[in-house]
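Source file: query-v3.cif (mmCIF, C-alpha atoms)
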```cif
data_coords
loop_
_atom_site.label_atom_id
_atom_site.label_comp_id
_atom_site.auth_asym_id
_atom_site.auth_seq_id
_atom_site.Cartn_x
_atom_site.Cartn_y
_atom_site.Cartn_z
CA MET A 1 7.26 -23.50 10.12
CA SER A 2 7.53 -22.51 13.77
CA ALA A 3 9.98 -21.24 16.33
CA ASP A 4 11.13 -23.38 19.25
CA ARG A 5 8.24 -23.92 21.66
CA THR A 6 9.76 -23.93 25.09
CA GLN A 7 7.34 -23.86 28.01
CA GLY A 8 7.11 -20.33 29.31
CA SER A 9 9.03 -18.91 26.35
CA PRO A 10 7.90 -15.54 24.95
CA ARG A 11 5.39 -15.53 22.13
CA TYR A 12 5.70 -13.19 19.17
CA VAL A 13 4.10 -12.38 15.82
CA LEU A 14 5.57 -12.05 12.35
CA GLY A 15 4.62 -9.32 9.87
CA VAL A 16 5.24 -9.62 6.12
CA ASP A 17 4.64 -6.84 3.61
CA PHE A 18 4.72 -7.70 -0.10
CA GLY A 19 5.56 -4.53 -2.01
CA GLY A 20 6.13 -3.78 -5.66
CA THR A 21 9.89 -3.35 -5.23
CA LYS A 22 10.64 -4.97 -1.86
CA VAL A 23 9.29 -7.45 0.66
CA ALA A 24 9.69 -6.44 4.32
CA LEU A 25 9.57 -8.71 7.38
CA ALA A 26 9.58 -7.92 11.10
CA THR A 27 8.59 -9.46 14.43
CA ALA A 28 6.91 -8.00 17.51
CA PRO A 29 6.08 -9.36 20.98
CA LEU A 30 2.57 -10.74 21.35
CA GLY A 31 0.18 -8.42 23.14
CA ALA A 32 2.27 -5.27 22.85
CA ALA A 33 2.73 -2.48 20.36
CA PRO A 34 5.88 -2.99 18.28
CA ARG A 35 8.80 -0.78 19.13
CA MET A 36 9.46 1.98 16.63
CA PRO A 37 11.48 1.83 14.56
CA LEU A 38 11.36 -1.90 13.96
CA SER A 39 14.26 -4.12 13.12
CA VAL A 40 13.29 -4.95 9.54
CA THR A 41 14.54 -7.58 7.12
CA ARG A 42 14.07 -6.68 3.45
CA ILE A 43 14.49 -8.58 0.22
CA GLU A 44 13.93 -7.39 -3.32
CA THR A 45 10.59 -8.37 -4.81
CA ARG A 46 12.08 -9.05 -8.27
CA GLY A 47 8.62 -9.40 -9.69
CA PHE A 48 9.97 -10.20 -13.14
CA GLU A 49 10.85 -13.65 -11.77
CA GLY A 50 7.14 -14.37 -11.29
CA ALA A 51 4.85 -14.80 -8.29
CA PRO A 52 5.88 -18.34 -7.26
CA GLU A 53 9.52 -17.32 -6.99
CA VAL A 54 8.66 -14.18 -4.99
CA VAL A 55 6.68 -16.30 -2.54
CA ARG A 56 9.44 -18.94 -2.36
CA ARG A 57 12.15 -16.41 -1.52
CA THR A 58 9.91 -14.67 1.00
CA VAL A 59 9.12 -17.95 2.78
CA ALA A 60 12.86 -18.71 2.91
CA ALA A 61 13.50 -15.30 4.48
CA CYS A 62 10.71 -15.96 7.01
CA GLN A 63 12.27 -19.32 7.90
CA THR A 64 15.62 -17.67 8.53
CA LEU A 65 14.07 -14.93 10.69
CA VAL A 66 11.95 -17.36 12.73
CA ALA A 67 14.83 -19.81 13.21
CA GLY A 68 16.89 -17.08 14.86
CA HIS A 69 14.07 -15.79 17.08
CA PRO A 70 13.61 -17.26 20.58
CA GLY A 71 10.12 -18.20 21.65
CA GLU A 72 6.92 -19.28 19.91
CA LEU A 73 5.51 -17.82 16.72
CA ALA A 74 1.86 -17.10 17.59
CA ALA A 75 0.51 -15.58 14.37
CA VAL A 76 1.51 -14.14 11.01
CA GLY A 77 0.09 -11.00 9.42
CA VAL A 78 0.60 -10.38 5.71
CA SER A 79 -0.08 -7.27 3.64
CA THR A 80 -0.05 -7.44 -0.14
CA PHE A 81 -0.64 -5.21 -3.12
CA GLY A 82 -3.97 -6.02 -4.74
CA ILE A 83 -7.05 -7.15 -2.85
CA VAL A 84 -7.71 -10.59 -1.39
CA ARG A 85 -11.04 -12.03 -2.47
CA ASP A 86 -12.30 -15.62 -2.34
CA GLY A 87 -8.84 -16.84 -1.38
CA VAL A 88 -6.98 -15.24 -4.29
CA VAL A 89 -5.34 -11.90 -5.00
CA ARG A 90 -7.03 -9.56 -7.49
CA LEU A 91 -6.20 -6.15 -8.98
CA ALA A 92 -2.47 -6.87 -8.85
CA PRO A 93 -1.12 -6.65 -12.42
CA ASN A 94 2.42 -5.48 -11.67
CA VAL A 95 3.96 -8.84 -10.69
CA PRO A 96 3.48 -11.65 -13.22
CA GLY A 97 1.17 -14.28 -11.76
CA TRP A 98 0.18 -12.28 -8.67
CA ASP A 99 -3.31 -11.56 -9.98
CA GLY A 100 -5.17 -14.81 -9.26
CA LEU A 101 -2.48 -16.08 -6.86
CA PRO A 102 -3.98 -18.19 -4.00
CA LEU A 103 -1.67 -16.46 -1.52
CA PRO A 104 -3.54 -17.33 1.73
CA GLY A 105 -3.57 -21.04 0.85
CA LEU A 106 0.10 -21.05 -0.11
CA LEU A 107 1.06 -19.45 3.19
CA ARG A 108 -1.21 -21.83 5.11
CA GLU A 109 0.80 -24.72 3.71
CA GLU A 110 4.07 -23.09 4.79
CA PHE A 111 3.07 -22.02 8.30
CA GLY A 112 0.98 -25.05 9.19
CA ARG A 113 -1.09 -24.55 12.34
CA THR A 114 0.12 -20.99 12.93
CA PRO A 115 -2.70 -18.56 12.00
CA VAL A 116 -1.98 -16.45 8.91
CA ARG A 117 -4.03 -13.34 8.18
CA VAL A 118 -3.79 -11.58 4.82
CA ALA A 119 -5.00 -8.09 3.85
CA ASN A 120 -4.54 -5.40 1.26
CA ASP A 121 -1.39 -3.38 1.96
CA VAL A 122 -2.92 0.10 2.00
CA LYS A 123 -5.83 -0.94 4.21
CA ALA A 124 -3.29 -2.52 6.54
CA ALA A 125 -1.31 0.73 6.49
CA THR A 126 -4.47 2.66 7.27
CA ALA A 127 -5.12 0.37 10.24
CA ALA A 128 -1.57 0.93 11.51
CA GLU A 129 -1.95 4.71 11.30
CA LEU A 130 -5.36 4.43 12.99
CA ARG A 131 -4.00 2.29 15.81
CA TRP A 132 -0.58 3.84 16.45
CA GLY A 133 -0.02 6.73 14.06
CA SER A 134 -1.30 9.98 12.62
CA LEU A 135 -4.92 8.78 12.35
CA LYS A 136 -5.13 7.77 16.00
CA GLY A 137 -8.29 9.22 17.52
CA VAL A 138 -9.66 10.25 14.11
CA LYS A 139 -13.26 9.24 13.47
CA ASP A 140 -13.35 10.01 9.74
CA GLY A 141 -10.12 10.24 7.76
CA ILE A 142 -8.15 9.22 4.70
CA TYR A 143 -4.78 7.54 4.37
CA LEU A 144 -3.15 8.31 1.00
CA ASN A 145 -0.30 6.08 -0.14
CA LEU A 146 2.02 7.60 -2.73
CA GLY A 147 4.53 5.01 -3.83
CA THR A 148 5.26 2.67 -6.71
CA GLY A 149 1.48 2.54 -7.09
CA LEU A 150 -1.35 4.71 -5.86
CA ALA A 151 -4.12 3.86 -3.39
CA ALA A 152 -6.00 5.16 -0.37
CA GLY A 153 -7.59 3.87 2.80
CA PHE A 154 -10.82 5.31 4.19
CA VAL A 155 -11.70 5.53 7.88
CA VAL A 156 -15.41 6.01 8.64
CA ASN A 157 -16.72 6.10 12.18
CA GLY A 158 -13.36 4.86 13.44
CA HIS A 159 -13.16 1.79 11.19
CA VAL A 160 -11.27 1.03 7.99
CA VAL A 161 -13.73 0.69 5.10
CA ASN A 162 -13.47 -2.45 2.97
CA GLY A 163 -16.21 -1.95 0.40
CA ALA A 164 -18.51 -4.58 -1.07
CA HIS A 165 -15.66 -6.35 -2.87
CA GLY A 166 -12.72 -5.29 -0.68
CA ALA A 167 -11.79 -2.64 -3.24
CA ALA A 168 -12.67 0.58 -1.38
CA GLY A 169 -9.85 3.08 -1.82
CA GLU A 170 -8.48 1.69 -5.09
CA ILE A 171 -8.14 5.24 -6.40
CA ALA A 172 -5.65 4.13 -9.06
CA TYR A 173 -8.78 3.43 -11.14
CA LEU A 174 -10.21 6.94 -10.83
CA ALA A 175 -10.86 8.62 -14.18
CA ARG A 176 -8.97 11.85 -14.86
CA HIS A 177 -11.30 13.00 -17.63
CA ALA A 178 -14.25 11.78 -19.67
CA ASP A 179 -12.11 9.90 -22.19
CA ASP A 180 -11.07 7.53 -19.39
CA LEU A 181 -14.67 6.35 -19.19
CA ARG A 182 -14.52 4.98 -22.73
CA ILE A 183 -12.94 1.54 -22.72
CA LEU A 184 -11.04 1.13 -25.97
CA GLN A 185 -9.84 -2.45 -25.54
CA PRO A 186 -12.38 -4.41 -23.47
CA ALA A 187 -11.10 -7.44 -21.61
CA ALA A 188 -13.03 -10.64 -21.04
CA PRO A 189 -14.70 -10.75 -17.59
CA VAL A 190 -12.92 -12.94 -15.07
CA ALA A 191 -14.38 -15.55 -12.78
CA ASP A 192 -15.23 -13.27 -9.85
CA GLY A 193 -17.10 -10.81 -12.02
CA LEU A 194 -14.43 -8.14 -12.52
CA GLY A 195 -15.31 -6.32 -15.71
CA PRO A 196 -13.31 -4.65 -18.46
CA ALA A 197 -12.54 -1.55 -16.40
CA VAL A 198 -9.69 -3.42 -14.68
CA THR A 199 -7.64 -3.19 -17.88
CA ARG A 200 -6.67 0.39 -16.98
CA ALA A 201 -5.81 2.45 -13.93
CA PRO A 202 -5.95 6.01 -15.31
CA LEU A 203 -4.85 7.97 -12.25
CA GLU A 204 -2.07 5.57 -11.30
CA GLU A 205 -0.82 5.57 -14.89
CA TYR A 206 -0.32 9.33 -14.57
CA VAL A 207 0.67 10.08 -10.98
CA SER A 208 2.34 7.06 -9.32
CA GLY A 209 6.06 6.61 -8.82
CA ILE A 210 6.27 4.25 -11.79
CA ALA A 211 4.27 6.63 -13.98
CA LEU A 212 6.42 9.63 -13.09
CA ALA A 213 9.59 7.65 -13.78
CA GLU A 214 8.30 6.57 -17.19
CA ARG A 215 7.10 10.02 -18.17
CA GLY A 216 10.24 11.69 -16.87
CA SER A 217 12.52 9.25 -18.68
CA GLU A 218 10.69 9.94 -21.94
CA LEU A 219 10.87 13.69 -21.37
CA LEU A 220 14.58 13.79 -20.52
CA GLY A 221 15.74 11.03 -22.85
CA THR A 222 17.49 9.18 -20.01
CA PRO A 223 16.28 6.76 -17.30
CA VAL A 224 15.21 8.57 -14.13
CA THR A 225 13.23 7.70 -11.02
CA ALA A 226 10.41 9.72 -9.48
CA ALA A 227 12.87 10.83 -6.78
CA ASP A 228 15.26 12.04 -9.49
CA LEU A 229 12.49 14.16 -10.97
CA PHE A 230 11.71 15.86 -7.67
CA ASP A 231 15.44 16.56 -7.27
CA ARG A 232 15.41 18.20 -10.72
CA GLY A 233 12.45 20.43 -10.02
CA HIS A 234 14.52 23.47 -11.01
CA ASP A 235 14.40 22.29 -14.64
CA PRO A 236 11.37 24.06 -16.20
CA ARG A 237 10.43 20.96 -18.21
CA VAL A 238 10.46 18.77 -15.13
CA ARG A 239 8.60 21.34 -13.08
CA ILE A 240 5.76 21.43 -15.63
CA LEU A 241 5.54 17.64 -15.55
CA LEU A 242 5.48 17.53 -11.74
CA ASP A 243 2.96 20.34 -11.40
CA ASP A 244 0.71 18.61 -13.93
CA ALA A 245 0.90 15.31 -12.03
CA LEU A 246 0.31 16.97 -8.67
CA ASP A 247 -2.66 18.85 -10.10
CA ALA A 248 -4.19 15.52 -11.15
CA LEU A 249 -3.55 14.08 -7.69
CA ALA A 250 -4.92 17.21 -6.00
CA LEU A 251 -8.10 17.07 -8.08
CA ALA A 252 -8.69 13.47 -7.03
CA MET A 253 -7.93 14.23 -3.38
CA ALA A 254 -10.21 17.27 -3.31
CA ASN A 255 -13.06 15.23 -4.77
CA LEU A 256 -12.52 12.46 -2.23
CA CYS A 257 -12.59 15.00 0.59
CA VAL A 258 -15.82 16.52 -0.71
CA ALA A 259 -17.38 13.04 -0.84
CA LEU A 260 -16.14 11.72 2.53
CA ASP A 261 -15.75 14.92 4.61
CA PRO A 262 -12.70 13.69 6.58
CA SER A 263 -11.18 15.64 9.43
CA ARG A 264 -7.65 14.54 8.53
CA VAL A 265 -5.75 13.23 5.51
CA VAL A 266 -2.54 11.34 6.25
CA ILE A 267 0.01 10.84 3.49
CA GLY A 268 2.66 8.11 3.37
CA GLY A 269 4.67 6.09 0.88
CA GLY A 270 7.98 6.39 -0.91
CA MET A 271 7.13 9.59 -2.76
CA MET A 272 6.93 11.42 0.55
CA GLY A 273 10.66 12.00 0.18
CA ALA A 274 9.35 15.04 -1.70
CA ALA A 275 6.85 16.00 1.01
CA GLN A 276 7.96 19.63 0.88
CA LEU A 277 6.47 19.87 -2.61
CA ILE A 278 3.58 17.41 -2.40
CA VAL A 279 1.95 18.38 0.89
CA PRO A 280 1.62 22.16 0.22
CA HIS A 281 0.18 21.41 -3.23
CA LEU A 282 -2.52 19.16 -1.78
CA ARG A 283 -3.24 21.53 1.11
CA GLU A 284 -3.86 24.44 -1.25
CA ALA A 285 -6.12 22.33 -3.46
CA VAL A 286 -8.37 21.17 -0.62
CA ARG A 287 -8.37 24.66 0.89
CA GLN A 288 -9.82 26.07 -2.31
CA ALA A 289 -12.16 23.24 -3.30
CA VAL A 290 -13.46 21.53 -0.14
CA PRO A 291 -16.23 23.12 1.99
CA TYR A 292 -14.60 21.91 5.22
CA PRO A 293 -10.91 21.42 4.38
CA PRO A 294 -9.30 18.61 6.39
CA GLU A 295 -5.96 18.75 8.09
CA ILE A 296 -3.25 17.24 5.86
CA VAL A 297 -0.25 15.68 7.61
CA ALA A 298 2.53 13.18 7.00
CA ALA A 299 2.02 9.60 8.14
CA ARG A 300 3.83 8.44 11.25
CA PHE A 301 5.02 5.39 9.31
CA VAL A 302 5.99 7.09 6.08
CA ASP A 303 7.82 4.09 4.61
CA ASP A 304 6.69 1.02 6.58
CA ALA A 305 3.00 1.57 7.33
CA PRO A 306 1.93 -1.65 5.49
CA LEU A 307 4.45 -3.63 7.54
CA TYR A 308 3.11 -2.19 10.81
CA GLY A 309 -0.34 -2.97 9.46
CA ALA A 310 0.70 -6.59 8.90
CA LEU A 311 1.83 -6.76 12.52
CA ALA A 312 -1.48 -5.24 13.62
CA LEU A 313 -3.29 -8.00 11.72
CA ALA A 314 -1.30 -10.63 13.58
CA LEU A 315 -1.66 -8.93 16.96
CA ASP A 316 -5.39 -8.36 16.61
CA GLY A 317 -6.32 -11.61 14.95
CA ASP A 318 -8.41 -9.45 12.64
CA SER A 319 -8.38 -9.58 8.83
CA LEU A 320 -9.22 -6.27 7.23
CA ASP A 321 -10.30 -7.36 3.78
CA GLY A 322 -8.70 -10.70 3.29
CA THR A 323 -8.76 -14.11 4.82
CA SER A 324 -7.62 -15.94 7.89
CA ALA A 325 -5.66 -19.02 6.99
#
```

Using structure tokens, write down the structure from this file.
Amino acid sequence: MSADRTQGSPRYVLGVDFGGTKVALATAPLGAAPRMPLSVTRIETRGFEGAPEVVRRTVAACQTLVAGHPGELAAVGVSTFGIVRDGVVRLAPNVPGWDGLPLPGLLREEFGRTPVRVANDVKAATAAELRWGSLKGVKDGIYLNLGTGLAAGFVVNGHVVNGAHGAAGEIAYLARHADDLRILQPAAPVADGLGPAVTRAPLEEYVSGIALAERGSELLGTPVTAADLFDRGHDPRVRILLDDALDALALAMANLCVALDPSRVVIGGGMMGAAQLIVPHLREAVRQAVPYPPEIVAARFVDDAPLYGALALALDGDSLDGTSA
């Protein structure tokens, strides 16, 4: 797949962000920061159809976007939920078939000689905020993504931290209490050594957008989204649920800040539609519990940080935690 290659024609990059509910695509000129806001193409993830179908529809959308774009496609950056390790995606249970998907290889086949760089979505988002956004100039910081799932990106000495297995910042797996340390239904280890702990994500199961929707629907006896719950904060039952969830998130964030000593925490993701409730709650928690409380601010790219991160991957030719295809 490539755009028309006319001598002297402008070169550009393509960014693709695989999300739990949507896949976003955008282009940017090579060698320049993308204009903000971007012109973004979105399709539904429809994860229930399975990973191969999600990839097929995304590639088709890429083909349409590239076909209508003048110039030469120079590189492709891709952000995905889960981590990319040894050429496959891991820690991605929410879309059937995504865990274990050889995503870099599949995209290599589709894009041919055009370089494709793949990274975890939240680390890509962290890189975008570090390069262009609210973490710019920050030496030690945290990017917190509150969306369908829950994850963080850590910046230490001006660089995004990957971790030994590419899993730094996977705070979905943080324990909320001691019972979470007792694995009740062990899973068989998988090929790359992941142990039974990957069968649960205790904090994400309690605080994420999906978790709030499930808990709120059970509480109210009718299907609701996380956004619906924040809109119904005047209901005492809902307020107790939200305060409880935000307390769990605040505890985790305070502990992370004690451990990492960041100067700034940047918060993005779909749940930031309720920033007026979330941000003060987290600020008060770190003020009371952290020896040197960091500044807590909204992300510059509240909704599309992983997409900007995908473009940064393509522009830099630098893979954060994944592979270069």

Checklist line | Expected selection from the PyMOL selection byres ((chain A and resi 117-131) around 7), given as a PyMOL selection string | finding: chain A and resi 76-84+104+115-116+132-136+143+145+151-153+160+300+305-306+308-310+312-314+319-325

Exercise for the section: Would you be able to write out as number ranges by chain which residues have an atom within 10 Å of (3.0, 9.8, -12.4) in the file's coordinates, counting only C-alpha atoms? Expected result: A: 146-150, 203-216, 226, 241-242, 244-246, 248-249

Counting only C-alpha atoms, which residue out of A:Val88, A:Ala32, A:Val23, A:Ala67 sits closest to Gly47 (chain A)?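 Looking only at the distances to Gly47 (chain A), the closest residue turns out to be A:Val23.
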
With distances taken over only C-alpha atoms, which residue among A:Ala26, A:Leu107, A:Val302, A:Val265 lies nearest Val66 (chain A)?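 Closest residue, counting only C-alpha atoms: A:Ala26.
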
- Task: Would you mind listing what lies within 12 Å of Arg237 (chain A) as an NGL selection string, with only C-alpha atoms counted and same-chain residues fewer than 2 positions away left out?
- Result: :A and (215-220 or 229-230 or 232-235 or 239-244)

| query | By how many Å are CA of Ser39 (chain A) and CA of Leu25 (chain A) apart? | reply |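 We find that CA of Ser39 (chain A) and CA of Leu25 (chain A) lie 8.7 Å from each other.
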
request  = Would you list the residues near (11.2, 6.0, 10.0) (no more than 9 Å away, in the coordinates of the file, using all atoms listed in the file) as a list of chain:residue names?
outcome  = A:Met36, A:Pro37, A:Leu38, A:Arg300, A:Phe301, A:Val302, A:Asp303, A:Asp304

Atoms kept (C-alpha atoms) for selection, written as a PDB file, in the frame of the given file:
```pdb
ATOM      1  CA  MET A  36       9.460   1.980  16.630  1.00  0.00           C
ATOM      2  CA  PRO A  37      11.480   1.830  14.560  1.00  0.00           C
ATOM      3  CA  LEU A  38      11.360  -1.900  13.960  1.00  0.00           C
ATOM      4  CA  ARG A 300       3.830   8.440  11.250  1.00  0.00           C
ATOM      5  CA  PHE A 301       5.020   5.390   9.310  1.00  0.00           C
ATOM      6  CA  VAL A 302       5.990   7.090   6.080  1.00  0.00           C
ATOM      7  CA  ASP A 303       7.820   4.090   4.610  1.00  0.00           C
ATOM      8  CA  ASP A 304       6.690   1.020   6.580  1.00  0.00           C
TER       9      ASP A 304
END
```

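Taking CA of Gly163 (chain A) as the reference point, CA of Ala178 (chain A) is found at 24.4 Å.
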
Ile142 (chain A) proximity check over A:Glu72, A:Glu295, A:Glu53, A:Glu109, using all atoms listed in the file: winner is A:Glu295

Distance in Å - CA of Leu65 (chain A) versus CA of Thr21 (chain A):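 One can read the CA of Leu65 (chain A) to CA of Thr21 (chain A) distance as 20.1 Å.
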
Run the PyMOL selection byres ((chain A and resi 110) around 12) mentally over the shown coordinates, then write out the matched residues as a PDB file with C-alpha atoms, in the coordinates of the input, using the chain letters and numbers from the document.
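What landed in result_27.pdb:
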```pdb
ATOM      1  CA  MET A   1       7.260 -23.500  10.120  1.00  0.00           C
ATOM      2  CA  SER A   2       7.530 -22.510  13.770  1.00  0.00           C
ATOM      3  CA  VAL A  55       6.680 -16.300  -2.540  1.00  0.00           C
ATOM      4  CA  ARG A  56       9.440 -18.940  -2.360  1.00  0.00           C
ATOM      5  CA  THR A  58       9.910 -14.670   1.000  1.00  0.00           C
ATOM      6  CA  VAL A  59       9.120 -17.950   2.780  1.00  0.00           C
ATOM      7  CA  ALA A  60      12.860 -18.710   2.910  1.00  0.00           C
ATOM      8  CA  CYS A  62      10.710 -15.960   7.010  1.00  0.00           C
ATOM      9  CA  GLN A  63      12.270 -19.320   7.900  1.00  0.00           C
ATOM     10  CA  VAL A  76       1.510 -14.140  11.010  1.00  0.00           C
ATOM     11  CA  LEU A 103      -1.670 -16.460  -1.520  1.00  0.00           C
ATOM     12  CA  PRO A 104      -3.540 -17.330   1.730  1.00  0.00           C
ATOM     13  CA  GLY A 105      -3.570 -21.040   0.850  1.00  0.00           C
ATOM     14  CA  LEU A 106       0.100 -21.050  -0.110  1.00  0.00           C
ATOM     15  CA  LEU A 107       1.060 -19.450   3.190  1.00  0.00           C
ATOM     16  CA  ARG A 108      -1.210 -21.830   5.110  1.00  0.00           C
ATOM     17  CA  GLU A 109       0.800 -24.720   3.710  1.00  0.00           C
ATOM     18  CA  PHE A 111       3.070 -22.020   8.300  1.00  0.00           C
ATOM     19  CA  GLY A 112       0.980 -25.050   9.190  1.00  0.00           C
ATOM     20  CA  ARG A 113      -1.090 -24.550  12.340  1.00  0.00           C
ATOM     21  CA  THR A 114       0.120 -20.990  12.930  1.00  0.00           C
ATOM     22  CA  PRO A 115      -2.700 -18.560  12.000  1.00  0.00           C
ATOM     23  CA  VAL A 116      -1.980 -16.450   8.910  1.00  0.00           C
ATOM     24  CA  ALA A 325      -5.660 -19.020   6.990  1.00  0.00           C
TER      25      ALA A 325
END
```

Proximity of region 162-263 of chain A to region 286-291 of chain A: per-residue shortest pair, 12 Å limit, only C-alpha atoms, as CSV:
```
residue,atom,partner,partner_atom,distance
A:Asp247,CA,A:Val286,CA,11.3
A:Leu249,CA,A:Val286,CA,11.1
A:Ala250,CA,A:Val286,CA,7.5
A:Leu251,CA,A:Val286,CA,8.5
A:Ala252,CA,A:Val286,CA,10.0
A:Met253,CA,A:Val286,CA,7.5
A:Ala254,CA,A:Val286,CA,5.1
A:Asn255,CA,A:Val290,CA,7.8
A:Leu256,CA,A:Val290,CA,9.4
A:Cys257,CA,A:Val290,CA,6.6
A:Val258,CA,A:Val290,CA,5.6
A:Ala259,CA,A:Val290,CA,9.4
A:Leu260,CA,A:Val290,CA,10.5
A:Asp261,CA,A:Val290,CA,8.5
A:Pro262,CA,A:Val290,CA,10.4
A:Ser263,CA,A:Val290,CA,11.5
```

Restricting the calculation to only C-alpha atoms, which member of A:Glu49, A:Gly19, A:His69, A:Gly137 is positioned closest to Pro96 (chain A)?
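Going through A:Glu49, A:Gly19, A:His69, A:Gly137 one by one, the smallest distance to Pro96 (chain A) is for A:Glu49.
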
inquiry  = For the provided coordinates, the residues matched by the PyMOL selection byres ((chain A and resi 298) around 6) should be stated as number ranges by chain.
reply    = A: 266-267, 297, 299

If you keep C-alpha atoms, can you produce a file of those selected residues as an mmCIF file, keeping the file's coordinate frame?
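Printed below is result_34.cif as written:
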```cif
data_model
loop_
_atom_site.group_PDB
_atom_site.id
_atom_site.type_symbol
_atom_site.label_atom_id
_atom_site.label_comp_id
_atom_site.auth_asym_id
_atom_site.auth_seq_id
_atom_site.Cartn_x
_atom_site.Cartn_y
_atom_site.Cartn_z
ATOM 1 C CA VAL A 266 -2.540 11.340 6.250
ATOM 2 C CA ILE A 267 0.010 10.840 3.490
ATOM 3 C CA VAL A 297 -0.250 15.680 7.610
ATOM 4 C CA ALA A 299 2.020 9.600 8.140
#
```

Pick from A:Leu144, A:Leu307, A:Ala227, A:Met271, whichever lies nearest to Val40 (chain A) using all atoms listed in the file: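 Of A:Leu144, A:Leu307, A:Ala227, A:Met271, the one nearest Val40 (chain A), counting all atoms listed in the file, is A:Leu307.
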